[in-house]
Structure formats: C-alpha cells, structure tokens
Amino acid sequence: MGGDLPYRLVATDLDGTLLNTAETVSARNRAALAAVTAAGARHIIVTGRSAGWARPVFDEIGYTGLAVCGQGAQVYDAGAHKLLTSLTLDRQLAALALAKIEAEIGPLVVAANQDGLDGEVLAGPGYQLKIGSDLPVRRVAADQLFTAPISKLYVQHPELGDDALAEVAHRVAGALVGVTMAGPGIVEILPLGLTKATGLSLAAYRLGAKARQTIAFGDMPNDIPMLNWAGYGVAMADAHEHLRAVADEVTVSNDEDGVAVVLERVFGLGG
C-alpha cells in the first residue's frame, strides 16, 4: 500500500452508516470506496450483524473483503464465505445476567443469536425486530433460546427505552457480560470485554494496518469503541449523541452519502 495515503484502512459500520434507509449502498459511496481501494487503502465493514445476517448484504453489494461481524465476535472472509474467528457468549453467564436485570426492572423479551455462520436468530415470545427489512428470525418458546451455543442476546423491555435499558443492564450485570446499544430496539448482551474494536484490531492486524492508520465511520453507541480505537473517527449526522460526542468529525447523514463526503475530501478524490 502506498505510504502517502492519509489512511491505509477505512472501517465502516453497515446499518445507518454505509447503507442508506433503502438498505443499499449508494453509487456515490461505492465510487468513493472503489477509488480509495484503487489507491491502495483497504475497506473493511464492521457490523453488529452476525455474519449470517450480513452475508446477503455483502453478496448484494459485491463485498469480498474481510468483515468484522457480531459486534467483534466474528472475523469473516466475505469472498470465501468463511468464518475466521467466532466467539461465544457463556450461556450460564447470560442466564445469570438476564436474571439480575429482570430482578431490577421486571421481565424482558429476549432473542438469541446462535453461533456460527449458519446460526439462526431465535426470537422469544414478544420480541420484535426493529432493524433490517428482511432479516430471518425463528419464533421459539423461551426455554428454547439456550439449546445451542450463542454469540449474543438481544433484549427489549415493554416500558424502558433503549438507553435506559442499556444503562440498567450495564449497571447490574456489567461485571458478567458486555452491554451495548446497536440501533432501535437493539440492546445486546455480549461476552465481557467484546466490542467492535476487538474484532477490528484483529482484522487490521491481518491486513497490516495500525489503529493510527485507520479512519472509521459509525452511528450508534456500539461504534464508540471502534471510533476511539481508530486514528480518526467520523459520526453520521443523525448518529446517537454519545457517538457524536467522541467523534473527530460529524458528517452528513447516510442518506446524503456521509461516508463518501468525507472520503472524497480526505483522499482528495474531488466531488
């Protein structure tokens, strides 16, 4: 890779960042990413989606590089359709964490993301997916959520909003598990210490890039560790306030090609 590049690695979140609200990658974003990769930089997608949920998007947009999926739990080779790493959430710890949270605020509705490239997302009674228009979930009884290894849990509360739920979960169970908010209705219970920065650092090492050589884009609190890890962090215009607070720059929205707007300027691509 050329030594005169401003950044050697471009890390983009998927939903709310690289994808627009139509859940596609715009022509302008595609062109900007093609130009920076042609110049010698590498593009890596870093998403909270499991590899199974991300794979159809990667295939649709023609993405064949490394990707970080599942909030950092999975490093996935999109071209080869192969998982390179996959971490699991200890089910006993997860059950204990749920019990602690429910003791504090009452019953939760829960979904479980099974481990592996073909792992299903199992939705317990009452769980409503609020991100992605066509993501597969299978409805199961509550006692079926933990029958196979899992990578993470999704939790919702009938009354508390996402920020409040995430705060309570972290306060009462944060010594057992990780907690993050990844989007509307997406509060997640993760292996302790796991973040997008965890997976991105592993993938960047494979690609020969360092944190200071990375520019990262995101929109939700789950992107905070990634933006803090990267040499330069960019939040989308409609990003969560906690992410905007740590970003080096706030760009325009995902529907206004916010990724391309920054890349064109930083890499001198023109408009």
# chains A, B, ... in the order shown; residues from 1 in each chain; ligands from 1

call {"tool": "residues_around", "arguments": {"residues": "Asn222 in chain A", "least_positions_apart": "3", "cutoff": "10 Å", "atoms": "only C-alpha atoms", "output": "list in words"}}
result
Asp13, Thr47, Gly48, Gln71, Val179, Thr180, Met181, Ala182, Gly183, Val187, Glu188, Thr195, Lys196, Ala197, Gly218, Asp219, Pro225, Met226, Leu227, His240, His242 and Leu243 of chain A

call {"tool": "select_by_dssp", "arguments": {"residues": "range 117-219 of chain A", "states": "alpha helix (DSSP H)", "output": "list in words"}}
result
Asp162, Asp163, Ala164, Leu165, Ala166, Glu167, Val168, Ala169, His170, Arg171, Val172, Ala173, Lys196, Ala197, Thr198, Gly199, Leu200, Ser201, Leu202, Ala203, Ala204, Tyr205, Arg206 and Leu207 of chain A

call {"tool": "write_last_selection", "arguments": {"atoms": "C-alpha atoms", "output": "tab-separated table (two decimals), in the first residue's frame"}}
result
chain	number	residue	atom	x	y	z
A	162	ASP	CA	-33.09	1.60	24.65
A	163	ASP	CA	-30.74	3.95	26.50
A	164	ALA	CA	-32.40	3.35	29.85
A	165	LEU	CA	-32.43	-0.42	29.36
A	166	ALA	CA	-28.76	-0.45	28.36
A	167	GLU	CA	-27.85	1.64	31.41
A	168	VAL	CA	-29.65	-0.68	33.81
A	169	ALA	CA	-28.24	-3.80	32.16
A	170	HIS	CA	-24.71	-2.45	32.37
A	171	ARG	CA	-25.13	-1.33	35.97
A	172	VAL	CA	-26.49	-4.61	37.34
A	173	ALA	CA	-24.81	-7.15	35.02
A	196	LYS	CA	-16.21	-3.76	17.59
A	197	ALA	CA	-12.70	-2.55	18.40
A	198	THR	CA	-11.78	-6.08	19.50
A	199	GLY	CA	-12.62	-7.59	16.14
A	200	LEU	CA	-11.35	-4.62	14.15
A	201	SER	CA	-7.94	-4.78	15.80
A	202	LEU	CA	-7.65	-8.47	14.88
A	203	ALA	CA	-8.73	-7.85	11.31
A	204	ALA	CA	-6.47	-4.80	10.96
A	205	TYR	CA	-3.51	-6.90	12.09
A	206	ARG	CA	-4.31	-9.42	9.35
A	207	LEU	CA	-4.38	-6.56	6.85

call {"tool": "select_by_dssp", "arguments": {"residues": "range 45-270 of chain A", "states": "strand (DSSP E)", "output": "MDAnalysis selection string"}}
result
chainID A and resid 45:46 66:69 74:77 82:86 109:114 121:123 138:139 150:156 177:183 186:191 214:218 232:235 249:250

call {"tool": "write_last_selection", "arguments": {"atoms": "C-alpha atoms", "output": "compact mmCIF listing (two decimals), in the first residue's frame"}}
result
# COMPACT_ATOMS: atom_id res chain seq x y z
CA ILE A 45 -17.06 -3.44 7.06
CA VAL A 46 -17.55 -3.62 10.83
CA LEU A 66 -12.66 -9.20 5.46
CA ALA A 67 -15.53 -8.12 7.67
CA VAL A 68 -15.98 -7.83 11.41
CA CYS A 69 -19.41 -9.13 12.40
CA GLN A 74 -16.59 -12.79 14.20
CA VAL A 75 -13.94 -12.04 11.61
CA TYR A 76 -15.45 -13.17 8.33
CA ASP A 77 -13.94 -13.63 4.88
CA LYS A 82 -15.77 -18.41 5.72
CA LEU A 83 -15.60 -17.53 9.41
CA LEU A 84 -12.04 -16.96 10.57
CA THR A 85 -12.87 -16.32 14.24
CA SER A 86 -16.05 -16.80 16.26
CA VAL A 109 -38.27 -10.04 25.92
CA VAL A 110 -35.25 -11.83 24.51
CA ALA A 111 -33.80 -13.13 21.26
CA ALA A 112 -30.67 -15.25 20.91
CA ASN A 113 -28.18 -15.20 18.05
CA GLN A 114 -26.80 -18.71 17.64
CA VAL A 121 -31.64 -15.81 15.40
CA LEU A 122 -34.23 -17.23 17.76
CA ALA A 123 -36.89 -14.79 18.94
CA ARG A 138 -37.42 -18.01 14.10
CA ARG A 139 -40.04 -17.79 16.82
CA ILE A 150 -24.91 -18.46 21.16
CA SER A 151 -22.89 -15.39 20.21
CA LYS A 152 -25.13 -12.79 21.87
CA LEU A 153 -28.59 -11.92 23.15
CA TYR A 154 -30.94 -9.13 22.13
CA VAL A 155 -33.12 -7.75 24.93
CA GLN A 156 -36.12 -5.42 24.99
CA VAL A 177 -21.33 -9.54 30.38
CA GLY A 178 -20.87 -6.73 27.91
CA VAL A 179 -23.82 -4.49 27.10
CA THR A 180 -24.25 -2.24 24.08
CA MET A 181 -26.95 -0.43 22.13
CA ALA A 182 -26.65 -1.02 18.40
CA GLY A 183 -29.82 0.51 16.97
CA ILE A 186 -31.28 -3.48 19.68
CA VAL A 187 -29.79 -3.67 23.16
CA GLU A 188 -27.31 -6.54 23.16
CA ILE A 189 -25.75 -8.79 25.78
CA LEU A 190 -22.23 -9.83 24.71
CA PRO A 191 -19.20 -11.69 26.03
CA THR A 214 -7.50 3.81 10.25
CA ILE A 215 -10.46 6.08 9.60
CA ALA A 216 -13.75 4.73 10.98
CA PHE A 217 -17.41 5.62 10.41
CA GLY A 218 -20.42 4.81 12.59
CA TYR A 232 -9.83 9.31 13.07
CA GLY A 233 -13.48 8.72 13.90
CA VAL A 234 -16.48 10.01 11.95
CA ALA A 235 -20.09 10.01 13.15
CA GLU A 249 -15.96 14.80 12.86
CA VAL A 250 -19.68 14.64 12.21

call {"tool": "residues_around", "arguments": {"residues": "Asp115 in chain A", "least_positions_apart": "3", "cutoff": "8 Å", "atoms": "only C-alpha atoms", "output": "PyMOL selection string"}}
result
chain A and resi 86-88+118-120+148-151
